[in-house]
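Chemist: So here's final-v1.cif, just mmCIF, C-alpha atoms:
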```
data_run
#
loop_
_atom_site.label_atom_id
_atom_site.label_comp_id
_atom_site.auth_asym_id
_atom_site.auth_seq_id
_atom_site.Cartn_x
_atom_site.Cartn_y
_atom_site.Cartn_z
CA MET R 1095 -0.92 -4.47 55.08
CA ASP R 1096 0.56 -7.82 54.03
CA SER R 1097 3.74 -7.47 51.97
CA ASP R 1098 2.19 -9.56 49.19
CA GLN R 1099 -0.63 -7.02 48.93
CA GLN R 1100 1.88 -4.18 48.75
CA ARG R 1101 3.77 -5.79 45.90
CA VAL R 1102 3.00 -4.06 42.61
CA HIS R 1103 1.99 -6.40 39.79
CA ARG R 1104 4.31 -6.05 36.77
CA ASP R 1105 3.21 -7.24 33.36
CA VAL R 1106 5.80 -8.86 31.12
CA VAL R 1107 7.15 -6.15 28.82
CA SER R 1108 9.31 -6.21 25.71
CA PHE R 1109 12.12 -4.11 27.19
CA VAL R 1110 14.32 -3.81 30.24
CA ARG R 1111 15.04 -0.57 32.06
CA ARG R 1112 18.43 0.97 31.34
CA SER R 1113 20.37 3.82 32.88
CA THR R 1114 18.67 7.21 32.86
CA ARG R 1115 22.00 9.06 33.03
CA MET R 1116 22.26 11.70 30.30
CA ASN R 1117 25.29 13.45 28.85
CA ASP R 1118 25.47 17.25 28.65
CA SER R 1119 24.03 17.53 25.13
CA GLN R 1120 21.13 15.28 26.06
CA LYS R 1121 20.45 17.31 29.19
CA ALA R 1122 20.41 20.49 27.10
CA ALA R 1123 18.06 18.97 24.52
CA TRP R 1124 15.74 17.76 27.27
CA SER R 1125 15.68 21.19 28.87
CA ARG R 1126 14.90 22.94 25.57
CA HIS R 1127 12.37 20.59 24.04
CA ALA R 1128 10.78 18.15 26.49
CA ASP R 1129 7.88 20.42 27.42
CA ASN R 1130 6.89 20.74 23.76
CA PHE R 1131 7.32 17.18 22.55
CA VAL R 1132 7.13 14.73 25.50
CA LEU R 1133 3.56 13.90 26.45
CA PRO R 1134 2.64 14.58 30.11
CA LEU R 1135 0.89 11.23 30.62
CA ARG R 1136 -0.50 9.92 33.88
CA VAL R 1137 1.40 6.74 34.69
CA GLY R 1138 0.39 3.78 36.81
CA PRO R 1139 2.21 2.27 39.81
CA VAL R 1140 5.01 1.15 37.49
CA PRO R 1141 6.71 4.19 35.88
CA THR R 1142 6.40 2.81 32.32
CA SER R 1143 2.74 1.87 32.69
CA VAL R 1144 -0.20 4.01 31.59
CA GLU R 1145 -2.82 4.83 34.18
CA GLU R 1146 -6.12 3.16 33.35
CA GLY R 1147 -8.61 5.61 31.89
CA THR R 1148 -5.96 7.96 30.50
CA HIS R 1149 -7.22 9.68 27.36
CA VAL R 1150 -5.38 11.79 24.80
CA ASP R 1151 -7.18 14.08 22.37
CA TRP R 1152 -4.73 13.77 19.50
CA ASN R 1153 -6.34 16.50 17.40
CA GLU R 1154 -5.90 18.88 20.31
CA THR R 1155 -2.36 17.65 20.98
CA PHE R 1156 -1.25 18.37 17.41
CA ASP R 1157 -3.70 21.24 16.88
CA ARG R 1158 -5.04 19.61 13.72
CA ASP R 1159 -6.76 16.52 12.32
CA ALA R 1160 -4.17 14.58 10.30
CA PRO R 1161 -3.22 10.97 9.54
CA ARG R 1162 -1.40 9.40 12.47
CA ILE R 1163 1.58 7.03 12.53
CA VAL R 1164 2.69 5.25 15.71
CA GLU R 1165 6.23 3.96 16.18
CA ILE R 1166 6.94 1.61 19.06
CA GLY R 1167 10.55 1.72 20.17
CA SER R 1168 11.84 4.83 18.42
CA GLY R 1169 15.27 4.68 20.06
CA VAL R 1170 17.37 7.80 19.51
CA GLY R 1171 15.10 9.00 16.68
CA ASP R 1172 17.61 8.51 13.88
CA SER R 1173 14.93 7.03 11.63
CA LEU R 1174 11.85 8.64 13.19
CA VAL R 1175 12.90 12.27 12.83
CA PRO R 1176 13.93 12.24 9.13
CA MET R 1177 10.78 10.28 8.25
CA ALA R 1178 8.62 12.77 10.16
CA ALA R 1179 10.42 15.65 8.43
CA ALA R 1180 9.62 14.06 5.07
CA ARG R 1181 5.89 13.83 5.94
CA PRO R 1182 4.89 17.21 7.38
CA GLY R 1183 1.20 16.44 6.76
CA THR R 1184 1.29 13.39 9.04
CA ASP R 1185 1.45 13.29 12.83
CA PHE R 1186 3.83 10.87 14.57
CA VAL R 1187 3.50 9.40 18.05
CA ALA R 1188 6.62 7.57 19.22
CA PHE R 1189 6.84 5.28 22.24
CA GLU R 1190 10.25 5.11 23.92
CA VAL R 1191 10.91 4.52 27.62
CA PHE R 1192 14.63 5.35 27.87
CA LYS R 1193 15.20 8.98 28.82
CA PRO R 1194 18.66 9.42 27.22
CA ALA R 1195 17.30 8.03 23.93
CA VAL R 1196 14.33 10.39 24.14
CA ALA R 1197 16.69 13.30 24.85
CA SER R 1198 18.72 12.41 21.76
CA THR R 1199 15.49 12.31 19.76
CA LEU R 1200 14.59 15.74 21.09
CA GLY R 1201 17.94 17.07 19.93
CA ARG R 1202 17.26 15.71 16.45
CA ILE R 1203 13.76 17.20 16.49
CA GLY R 1204 15.18 20.59 17.39
CA ARG R 1205 17.88 20.50 14.72
CA ALA R 1206 15.42 19.35 12.03
CA GLY R 1207 12.78 21.87 13.07
CA VAL R 1208 9.97 19.32 12.94
CA THR R 1209 6.77 19.91 14.87
CA ASN R 1210 4.74 16.80 14.00
CA VAL R 1211 6.22 14.40 16.59
CA ARG R 1212 5.16 13.61 20.15
CA ILE R 1213 6.90 11.11 22.42
CA ALA R 1214 5.21 8.91 25.01
CA MET R 1215 7.58 7.50 27.62
CA VAL R 1216 5.47 4.47 28.48
CA ASP R 1217 5.17 0.85 27.39
CA GLY R 1218 4.22 1.09 23.72
CA ALA R 1219 2.16 -2.08 23.52
CA ARG R 1220 -0.06 -0.97 26.41
CA GLY R 1221 -0.01 2.65 25.30
CA LEU R 1222 -1.25 1.81 21.82
CA ASP R 1223 -4.12 -0.10 23.36
CA LEU R 1224 -5.15 2.57 25.87
CA LEU R 1225 -4.37 5.91 24.21
CA PHE R 1226 -5.85 5.44 20.74
CA ASP R 1227 -9.40 4.93 19.58
CA ASP R 1228 -10.11 1.93 17.39
CA ALA R 1229 -9.64 2.55 13.66
CA SER R 1230 -7.72 5.80 14.24
CA VAL R 1231 -4.10 5.00 13.23
CA ALA R 1232 -2.87 5.04 9.63
CA GLU R 1233 0.30 3.02 10.26
CA VAL R 1234 2.12 1.23 13.08
CA TRP R 1235 5.90 0.81 12.89
CA THR R 1236 7.95 -1.72 14.86
CA PHE R 1237 11.49 -1.55 13.53
CA PHE R 1238 14.23 -3.70 15.07
CA ALA R 1239 12.40 -4.61 18.26
CA ASP R 1240 14.49 -6.49 20.81
CA PRO R 1241 14.68 -10.11 19.52
CA TRP R 1242 15.02 -11.65 23.00
CA HIS R 1243 17.09 -14.56 21.73
CA LYS R 1244 16.86 -16.96 24.65
CA THR R 1245 13.88 -19.28 24.56
CA ARG R 1246 12.91 -18.46 28.15
CA HIS R 1247 12.70 -14.79 27.15
CA HIS R 1248 10.49 -15.28 24.08
CA LYS R 1249 7.51 -14.26 26.20
CA ARG R 1250 8.98 -10.74 26.13
CA ARG R 1251 8.89 -10.47 22.35
CA LEU R 1252 6.69 -7.61 21.21
CA VAL R 1253 5.22 -9.28 18.13
CA THR R 1254 2.64 -11.86 19.20
CA PRO R 1255 -0.88 -12.79 18.05
CA ALA R 1256 -2.26 -10.93 21.08
CA PHE R 1257 -0.43 -7.73 20.19
CA ALA R 1258 -1.52 -8.19 16.58
CA ASP R 1259 -5.11 -8.05 17.83
CA VAL R 1260 -4.38 -4.61 19.31
CA VAL R 1261 -2.65 -3.34 16.19
CA ALA R 1262 -5.48 -4.54 13.95
CA ALA R 1263 -8.05 -2.85 16.18
CA LYS R 1264 -6.27 0.51 16.14
CA LEU R 1265 -5.44 0.62 12.42
CA VAL R 1266 -7.91 2.18 10.02
CA PRO R 1267 -9.25 -0.21 7.37
CA GLY R 1268 -6.43 -0.48 4.86
CA GLY R 1269 -3.92 0.78 7.43
CA LEU R 1270 -0.44 -0.74 7.47
CA TRP R 1271 1.79 -2.38 10.06
CA ARG R 1272 5.43 -2.12 8.97
CA LEU R 1273 8.02 -4.31 10.68
CA ALA R 1274 11.74 -4.88 10.27
CA THR R 1275 14.29 -7.05 12.04
CA ASP R 1276 17.79 -8.21 11.28
CA TRP R 1277 17.51 -11.45 13.25
CA GLU R 1278 16.22 -14.26 11.02
CA ASP R 1279 14.66 -16.30 13.83
CA TYR R 1280 12.62 -13.28 14.97
CA ALA R 1281 11.64 -12.54 11.37
CA LEU R 1282 10.31 -16.08 11.03
CA TRP R 1283 8.61 -15.77 14.43
CA GLN R 1284 6.83 -12.64 13.19
CA ARG R 1285 5.66 -14.42 10.04
CA GLU R 1286 4.34 -17.31 12.12
CA ALA R 1287 2.53 -14.95 14.50
CA LEU R 1288 0.98 -12.74 11.83
CA ASP R 1289 0.46 -14.61 8.56
CA GLY R 1290 -2.59 -16.43 9.88
CA HIS R 1291 -4.18 -13.44 11.63
CA GLY R 1292 -7.82 -12.97 10.72
CA ARG R 1293 -7.75 -9.16 10.44
CA LEU R 1294 -4.29 -8.67 8.91
CA VAL R 1295 -3.06 -9.70 5.46
CA ASN R 1296 0.56 -9.91 4.36
CA VAL R 1297 0.72 -7.33 1.56
CA HIS R 1298 3.54 -9.11 -0.25
CA ASP R 1299 2.66 -12.73 0.59
CA GLY R 1300 6.18 -13.02 1.96
CA TRP R 1301 9.02 -10.65 2.78
CA ALA R 1302 8.40 -7.04 1.85
CA PRO R 1303 10.90 -4.97 -0.10
CA ARG R 1304 12.85 -2.61 2.12
CA PHE R 1305 10.68 0.33 3.19
CA GLU R 1306 12.34 3.03 1.09
CA ASP R 1307 11.55 5.85 3.52
CA ARG R 1308 13.40 4.13 6.38
CA PRO R 1309 17.02 5.32 6.72
CA ILE R 1310 19.74 2.85 7.60
CA THR R 1311 20.49 3.59 11.24
CA LYS R 1312 23.73 2.94 13.11
CA TYR R 1313 22.06 -0.09 14.69
CA GLU R 1314 21.07 -1.58 11.35
CA ARG R 1315 24.48 -0.78 9.87
CA ARG R 1316 26.17 -2.72 12.65
CA GLY R 1317 23.97 -5.70 11.84
CA LEU R 1318 24.75 -5.48 8.14
CA ASP R 1319 28.46 -5.20 8.89
CA ALA R 1320 28.14 -8.33 11.03
CA GLY R 1321 26.56 -10.18 8.11
CA ARG R 1322 22.93 -10.04 9.22
CA GLN R 1323 20.23 -9.41 6.63
CA SER R 1324 17.32 -7.09 7.39
CA HIS R 1325 13.87 -8.56 6.84
CA ASP R 1326 10.93 -6.23 6.20
CA LEU R 1327 7.25 -7.16 6.52
CA THR R 1328 4.10 -5.20 5.75
CA TYR R 1329 0.61 -6.19 6.88
CA GLU R 1330 -2.63 -4.45 5.97
CA ARG R 1331 -5.75 -4.33 8.10
CA ARG R 1332 -8.65 -5.93 6.31
CA SER R 1333 -11.68 -3.67 5.83
#
```
Could you rewrite the structure in this file as structure tokens?

Modeler:
Amino acid sequence: MDSDQQRVHRDVVSFVRRSTRMNDSQKAAWSRHADNFVLPLRVGPVPTSVEEGTHVDWNETFDRDAPRIVEIGSGVGDSLVPMAAARPGTDFVAFEVFKPAVASTLGRIGRAGVTNVRIAMVDGARGLDLLFDDASVAEVWTFFADPWHKTRHHKRRLVTPAFADVVAAKLVPGGLWRLATDWEDYALWQREALDGHGRLVNVHDGWAPRFEDRPITKYERRGLDAGRQSHDLTYERRS
């Protein structure tokens, strides 16, 4: 077979792969909790891709029918887990591709005793599109996505009109997309990408007040200490 035919096509994604090396506490958390909280998804030829045709029965996964919130890029779970603990009647699906971060999240899940979280270790933008039925998600959260500062890397930014089409399709009528970033140029980029979208409306006709349920994470605190202001946005799917 020609080498060009053997080459696996890789879509542009909003993240880069980092080390999968875990410390001892992360290894222990993974061993204790991964089977219960990390989804056993079929992946495509690229490890972070979702195999076409993959289906998840979310009611079966959580053993109930409940409102569903999706977070893309949950990091180490320092905002996800306390927010899930505060909403025991809601189910949370978090997309995060970095194993050490997922292991840290699992440790937090175990310590908090929450049961309403599942983690998908695949590309969140593609996963949202493939793994959820249309009009089935109550909220989508994208907090502090990588801003990809350099102009040549802007194509990697998660928030685009095309991704907004996916979010709008998956949200229930009246469902919310909550965003936050502490980089002003990315905040303005998000406004430009979303304010004119035909199926999403800016709830506050401008910047949203800080989402009160969202804890200040170590990442956000570093930004605040460096003088960066966090910008929140909230968009609602039109009925």

Chemist: Show me, as a PyMOL selection string, the residues that have an atom within 10 Å of Thr1254 in chain R when counting only C-alpha atoms, minus same-chain residues fewer than 4 positions from it.

Modeler: chain R and resi 1248-1250+1258-1259+1283-1288

Chemist: With a distance cut-off of 12 Å and only C-alpha atoms, select the neighbouring residues of Arg1322 in chain R, excluding the residue or stretch itself and same-chain residues fewer than 2 positions from it, and output the selection as a list in words.

Modeler: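 Returned residues: Thr1275, Asp1276, Trp1277, Glu1278, Asp1279, Ala1281, Tyr1313, Glu1314, Arg1315, Arg1316, Gly1317, Leu1318, Asp1319, Ala1320, Ser1324 and His1325 of chain R.
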
Chemist: Using only C-alpha atoms, find the one residue out of R:Leu1252, R:Ile1203, R:Val1297, R:Val1261 that sits nearest to Tyr1280 in chain R.

Modeler: R:Leu1252

Chemist: Tell me, as a PyMOL selection string, which residues lie within 9 Å of range 1113-1119 of chain R, counting all atoms listed in the file; anything in the same chain fewer than 3 positions away does not count.

Modeler: chain R and resi 1122-1124+1192-1195+1197-1198+1201

Chemist: Using the selection just defined, write its residues with C-alpha atoms as a PDB file, in the frame of the given file.

Modeler:
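Written file, selection-v8.pdb:
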```pdb
ATOM      1  CA  ALA R1122      20.410  20.490  27.100  1.00  0.00           C
ATOM      2  CA  ALA R1123      18.060  18.970  24.520  1.00  0.00           C
ATOM      3  CA  TRP R1124      15.740  17.760  27.270  1.00  0.00           C
ATOM      4  CA  PHE R1192      14.630   5.350  27.870  1.00  0.00           C
ATOM      5  CA  LYS R1193      15.200   8.980  28.820  1.00  0.00           C
ATOM      6  CA  PRO R1194      18.660   9.420  27.220  1.00  0.00           C
ATOM      7  CA  ALA R1195      17.300   8.030  23.930  1.00  0.00           C
ATOM      8  CA  ALA R1197      16.690  13.300  24.850  1.00  0.00           C
ATOM      9  CA  SER R1198      18.720  12.410  21.760  1.00  0.00           C
ATOM     10  CA  GLY R1201      17.940  17.070  19.930  1.00  0.00           C
TER      11      GLY R1201
END
```

Chemist: Running the PyMOL selection byres ((chain R and resi 1170) around 9) on this model by hand, what would come out? Give it as a list in words.

Modeler: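 So the PyMOL selection byres ((chain R and resi 1170) around 9), applied here, picks out Ser1168, Gly1169, Gly1171, Asp1172, Ser1173, Leu1174, Glu1190, Pro1194, Ala1195, Val1196, Ala1197, Ser1198, Thr1199, Leu1200 and Arg1202 of chain R.
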
Chemist: Which one is closest to Arg1251 in chain R: R:Ala1239, R:Val1150, R:Leu1270, R:Gly1221? Count all atoms listed in the file.

Modeler: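 Nearest to Arg1251 in chain R: R:Ala1239.
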
Chemist: Report as a list in words all protein, DNA and RNA residues lying within 8 Å of range 1209-1213 of chain R, evaluated on all atoms listed in the file, omitting residues in the same chain fewer than 2 positions from it.

Modeler: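 Result of the neighbour search: Phe1131, Val1132, Leu1133, Phe1156, Val1175, Ala1178, Pro1182, Thr1184, Asp1185, Phe1186, Val1187, Ala1188, Phe1189, Glu1190, Val1196, Ile1203, Gly1207 and Met1215 of chain R.
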